[in-house]
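A short worksheet on the structure shown next.
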Amino acid sequence: MFSNLFHLDNPIWVFMGRLADLALLTGLWFVCCIPVVTIGASVKALYTVAMQMTKDEEGYTAASFFRAFRKDFKESTLLGFFVLVPGVFLGSDLYVYGKMEGPAGTVLFTVFLILTLVYLMTLAYVYPLSAASDYRGRALVPAAFVAACKNPGWAVLLAVIMGCAVLLGIFVCAPLLAVGMGLAAYVQCKIVLFLIKNYHIRTAFKE
């Protein structure tokens, strides 16, 4: 029993190794997000490597990350701005209409709250879908929107996973931040692969 404890294929060491890879992946993602303009490419690389991990196809984590970071850098950066701008717009409108008094303010706040939820559900699919499929460029966001509309429950789960990774790290256990983003992306990619393989959602995903 104890002799197997020191074998590299022992589940405990496999788990610890995966956790260390996810912590490294999270650190690389954070560092590459610092210049701000590279956030899109950094997030794309995060999900690309996380998807490789779910398929046991990754090599060295750092090398895989920077390879994915350099690949399609321009497209990934543009995608980052494309998904960020609506979020800023919707967040600003929610703030303004949330402080507006009267029926008009309530109606406008409700409308933009619904739009924000649709945005978040679509965003939850964008990067896992980009890592799991052949969708690129202008076809990616519409495909993510279709996936969110057809599978709203899964979209909510994907969004909650990412939200929990951040909020639990900030308000409950700070050390979770060291692995949170990598772990959340890994779980999200697992779910998207599950949807592709078991639900065969061919109108939303391409294998």
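Labels for the structure tokens follow display order: chains A, B, ..., residues from 1 in each chain, ligands from 1.
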Considering only C-alpha atoms, return as a list in words whatever protein or nucleic-acid residues lie within 6 Å of stretch 115-131 of chain A, sequence-local ones (same chain, fewer than 4 positions apart) excluded.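 Here the answer would be Thr48, Ala144, Phe145, Ala148, Ala155, Leu158, Ala159 and Cys189 of chain A.
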Please, could you write that set of residues out with N, CA, C and O atoms as a PDB file, in the first residue's frame?
```pdb
ATOM      1  N   THR A  48      -7.013  27.773 -24.201  1.00  0.00           N
ATOM      2  CA  THR A  48      -6.413  26.815 -25.130  1.00  0.00           C
ATOM      3  C   THR A  48      -5.638  25.744 -24.364  1.00  0.00           C
ATOM      4  O   THR A  48      -5.785  24.540 -24.631  1.00  0.00           O
ATOM      5  N   ALA A 144     -21.469  31.302 -29.990  1.00  0.00           N
ATOM      6  CA  ALA A 144     -21.596  31.275 -28.533  1.00  0.00           C
ATOM      7  C   ALA A 144     -22.985  31.727 -28.102  1.00  0.00           C
ATOM      8  O   ALA A 144     -23.566  31.180 -27.154  1.00  0.00           O
ATOM      9  N   PHE A 145     -23.547  32.701 -28.809  1.00  0.00           N
ATOM     10  CA  PHE A 145     -24.901  33.174 -28.504  1.00  0.00           C
ATOM     11  C   PHE A 145     -25.928  32.064 -28.752  1.00  0.00           C
ATOM     12  O   PHE A 145     -26.837  31.857 -27.949  1.00  0.00           O
ATOM     13  N   ALA A 148     -25.682  29.573 -25.987  1.00  0.00           N
ATOM     14  CA  ALA A 148     -26.291  30.071 -24.754  1.00  0.00           C
ATOM     15  C   ALA A 148     -27.810  30.005 -24.825  1.00  0.00           C
ATOM     16  O   ALA A 148     -28.473  29.664 -23.834  1.00  0.00           O
ATOM     17  N   ALA A 155     -25.122  27.475 -19.674  1.00  0.00           N
ATOM     18  CA  ALA A 155     -24.485  28.800 -19.754  1.00  0.00           C
ATOM     19  C   ALA A 155     -24.395  29.438 -18.374  1.00  0.00           C
ATOM     20  O   ALA A 155     -23.369  30.018 -18.009  1.00  0.00           O
ATOM     21  N   LEU A 158     -21.640  27.691 -16.417  1.00  0.00           N
ATOM     22  CA  LEU A 158     -20.318  28.134 -16.848  1.00  0.00           C
ATOM     23  C   LEU A 158     -19.981  29.498 -16.269  1.00  0.00           C
ATOM     24  O   LEU A 158     -18.845  29.735 -15.819  1.00  0.00           O
ATOM     25  N   ALA A 159     -20.963  30.406 -16.275  1.00  0.00           N
ATOM     26  CA  ALA A 159     -20.733  31.746 -15.734  1.00  0.00           C
ATOM     27  C   ALA A 159     -20.524  31.700 -14.220  1.00  0.00           C
ATOM     28  O   ALA A 159     -19.658  32.397 -13.681  1.00  0.00           O
ATOM     29  N   CYS A 189     -13.964  23.932 -19.658  1.00  0.00           N
ATOM     30  CA  CYS A 189     -13.613  23.161 -20.858  1.00  0.00           C
ATOM     31  C   CYS A 189     -14.104  21.734 -20.754  1.00  0.00           C
ATOM     32  O   CYS A 189     -14.548  21.140 -21.752  1.00  0.00           O
TER      33      CYS A 189
END
```
Could you check which of A:Gly163, A:Thr61, A:Tyr135, A:Val37 is closest to A:Leu19, using only C-alpha atoms?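 Closest residue, counting only C-alpha atoms: A:Thr61.
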For A:Tyr60, list every protein, DNA or RNA residue within 10 Å, evaluated using only C-alpha atoms, and leave out those in the same chain fewer than 4 positions away; present the list as a PDB file with all heavy atoms, in the first residue's frame.
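Contents of the output file result.pdb:
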```pdb
ATOM      1  N   ASP A  21       0.123  22.593 -12.265  1.00  0.00           N
ATOM      2  CA  ASP A  21       0.024  23.100 -13.643  1.00  0.00           C
ATOM      3  C   ASP A  21      -1.025  24.206 -13.743  1.00  0.00           C
ATOM      4  O   ASP A  21      -0.812  25.212 -14.433  1.00  0.00           O
ATOM      5  CB  ASP A  21      -0.349  21.962 -14.601  1.00  0.00           C
ATOM      6  CG  ASP A  21       0.809  20.994 -14.818  1.00  0.00           C
ATOM      7  OD1 ASP A  21       1.965  21.404 -14.608  1.00  0.00           O
ATOM      8  OD2 ASP A  21       0.546  19.843 -15.201  1.00  0.00           O
ATOM      9  N   VAL A  49      -4.834  26.170 -23.393  1.00  0.00           N
ATOM     10  CA  VAL A  49      -4.056  25.209 -22.605  1.00  0.00           C
ATOM     11  C   VAL A  49      -4.971  24.395 -21.695  1.00  0.00           C
ATOM     12  O   VAL A  49      -4.769  23.186 -21.517  1.00  0.00           O
ATOM     13  CB  VAL A  49      -2.973  25.936 -21.779  1.00  0.00           C
ATOM     14  CG1 VAL A  49      -2.200  24.944 -20.911  1.00  0.00           C
ATOM     15  CG2 VAL A  49      -2.010  26.685 -22.692  1.00  0.00           C
ATOM     16  N   SER A  64       3.380  25.683 -23.769  1.00  0.00           N
ATOM     17  CA  SER A  64       2.075  25.602 -24.429  1.00  0.00           C
ATOM     18  C   SER A  64       1.345  26.932 -24.347  1.00  0.00           C
ATOM     19  O   SER A  64       0.697  27.363 -25.307  1.00  0.00           O
ATOM     20  CB  SER A  64       1.228  24.502 -23.783  1.00  0.00           C
ATOM     21  OG  SER A  64       1.827  23.233 -23.930  1.00  0.00           O
ATOM     22  N   PHE A  65       1.470  27.602 -23.192  1.00  0.00           N
ATOM     23  CA  PHE A  65       0.789  28.875 -23.015  1.00  0.00           C
ATOM     24  C   PHE A  65       1.330  29.926 -23.970  1.00  0.00           C
ATOM     25  O   PHE A  65       0.565  30.608 -24.664  1.00  0.00           O
ATOM     26  CB  PHE A  65       0.938  29.355 -21.567  1.00  0.00           C
ATOM     27  CG  PHE A  65       0.268  30.680 -21.289  1.00  0.00           C
ATOM     28  CD1 PHE A  65      -1.059  30.726 -20.894  1.00  0.00           C
ATOM     29  CD2 PHE A  65       0.957  31.875 -21.441  1.00  0.00           C
ATOM     30  CE1 PHE A  65      -1.688  31.933 -20.646  1.00  0.00           C
ATOM     31  CE2 PHE A  65       0.337  33.092 -21.200  1.00  0.00           C
ATOM     32  CZ  PHE A  65      -0.988  33.119 -20.800  1.00  0.00           C
TER      33      PHE A  65
END
```
Measuring atom to atom with only C-alpha atoms, identify which of A:Leu46, A:Met100, A:Leu168, A:Leu195 is nearest to A:Ala62.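 Selected residue with least distance to A:Ala62: A:Leu46.
The residue set within 12 Å of A:Asp56, counting only C-alpha atoms and dropping same-chain residues fewer than 6 places from it, reads Val14, Arg18, Val49, Ala50, Tyr186 and Lys190 of chain A.
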Output of the above residues as a PDB file, in the first residue's frame, restricted to all heavy atoms:
```
ATOM      1  N   VAL A  14      -0.760  12.630  -9.205  1.00  0.00           N
ATOM      2  CA  VAL A  14      -1.355  13.109 -10.449  1.00  0.00           C
ATOM      3  C   VAL A  14      -2.193  14.354 -10.178  1.00  0.00           C
ATOM      4  O   VAL A  14      -2.116  15.359 -10.905  1.00  0.00           O
ATOM      5  CB  VAL A  14      -2.232  12.012 -11.103  1.00  0.00           C
ATOM      6  CG1 VAL A  14      -2.996  12.585 -12.288  1.00  0.00           C
ATOM      7  CG2 VAL A  14      -1.359  10.843 -11.547  1.00  0.00           C
ATOM      8  N   ARG A  18      -1.450  18.165 -11.460  1.00  0.00           N
ATOM      9  CA  ARG A  18      -2.438  18.938 -12.208  1.00  0.00           C
ATOM     10  C   ARG A  18      -2.704  20.271 -11.529  1.00  0.00           C
ATOM     11  O   ARG A  18      -2.821  21.317 -12.193  1.00  0.00           O
ATOM     12  CB  ARG A  18      -3.742  18.149 -12.323  1.00  0.00           C
ATOM     13  CG  ARG A  18      -4.848  18.873 -13.076  1.00  0.00           C
ATOM     14  CD  ARG A  18      -4.453  19.153 -14.505  1.00  0.00           C
ATOM     15  NE  ARG A  18      -4.572  17.959 -15.322  1.00  0.00           N
ATOM     16  CZ  ARG A  18      -3.917  17.766 -16.456  1.00  0.00           C
ATOM     17  NH1 ARG A  18      -3.070  18.689 -16.887  1.00  0.00           N
ATOM     18  NH2 ARG A  18      -4.065  16.662 -17.167  1.00  0.00           N
ATOM     19  N   VAL A  49      -4.834  26.170 -23.393  1.00  0.00           N
ATOM     20  CA  VAL A  49      -4.056  25.209 -22.605  1.00  0.00           C
ATOM     21  C   VAL A  49      -4.971  24.395 -21.695  1.00  0.00           C
ATOM     22  O   VAL A  49      -4.769  23.186 -21.517  1.00  0.00           O
ATOM     23  CB  VAL A  49      -2.973  25.936 -21.779  1.00  0.00           C
ATOM     24  CG1 VAL A  49      -2.200  24.944 -20.911  1.00  0.00           C
ATOM     25  CG2 VAL A  49      -2.010  26.685 -22.692  1.00  0.00           C
ATOM     26  N   ALA A  50      -5.991  25.039 -21.120  1.00  0.00           N
ATOM     27  CA  ALA A  50      -6.936  24.306 -20.270  1.00  0.00           C
ATOM     28  C   ALA A  50      -7.640  23.213 -21.065  1.00  0.00           C
ATOM     29  O   ALA A  50      -7.843  22.099 -20.577  1.00  0.00           O
ATOM     30  CB  ALA A  50      -7.959  25.266 -19.674  1.00  0.00           C
ATOM     31  N   TYR A 186     -10.439  25.157 -16.685  1.00  0.00           N
ATOM     32  CA  TYR A 186     -10.325  23.705 -16.855  1.00  0.00           C
ATOM     33  C   TYR A 186     -11.688  23.035 -16.713  1.00  0.00           C
ATOM     34  O   TYR A 186     -12.078  22.197 -17.534  1.00  0.00           O
ATOM     35  CB  TYR A 186      -9.345  23.161 -15.820  1.00  0.00           C
ATOM     36  CG  TYR A 186      -9.135  21.670 -15.855  1.00  0.00           C
ATOM     37  CD1 TYR A 186      -8.311  21.086 -16.819  1.00  0.00           C
ATOM     38  CD2 TYR A 186      -9.729  20.838 -14.918  1.00  0.00           C
ATOM     39  CE1 TYR A 186      -8.102  19.715 -16.848  1.00  0.00           C
ATOM     40  CE2 TYR A 186      -9.529  19.471 -14.928  1.00  0.00           C
ATOM     41  CZ  TYR A 186      -8.711  18.914 -15.900  1.00  0.00           C
ATOM     42  OH  TYR A 186      -8.516  17.551 -15.927  1.00  0.00           O
ATOM     43  N   LYS A 190     -14.059  21.155 -19.558  1.00  0.00           N
ATOM     44  CA  LYS A 190     -14.600  19.815 -19.340  1.00  0.00           C
ATOM     45  C   LYS A 190     -16.090  19.775 -19.676  1.00  0.00           C
ATOM     46  O   LYS A 190     -16.580  18.836 -20.334  1.00  0.00           O
ATOM     47  CB  LYS A 190     -14.390  19.400 -17.874  1.00  0.00           C
ATOM     48  CG  LYS A 190     -13.003  18.942 -17.513  1.00  0.00           C
ATOM     49  CD  LYS A 190     -12.777  17.490 -17.916  1.00  0.00           C
ATOM     50  CE  LYS A 190     -11.507  16.938 -17.317  1.00  0.00           C
ATOM     51  NZ  LYS A 190     -11.238  15.540 -17.770  1.00  0.00           N
TER      52      LYS A 190
END
```
Near-A:Phe109 list (7 Å; only C-alpha atoms; drop same-chain fewer than 5 positions) as an MDAnalysis selection string: chainID A and resid 94 97:98
So which one's closest to A:Ala68, A:Ser133, A:Thr106, A:Gln52, A:Asn198? Using only C-alpha atoms, please.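 For A:Ala68, the nearest of the given residues is A:Gln52.
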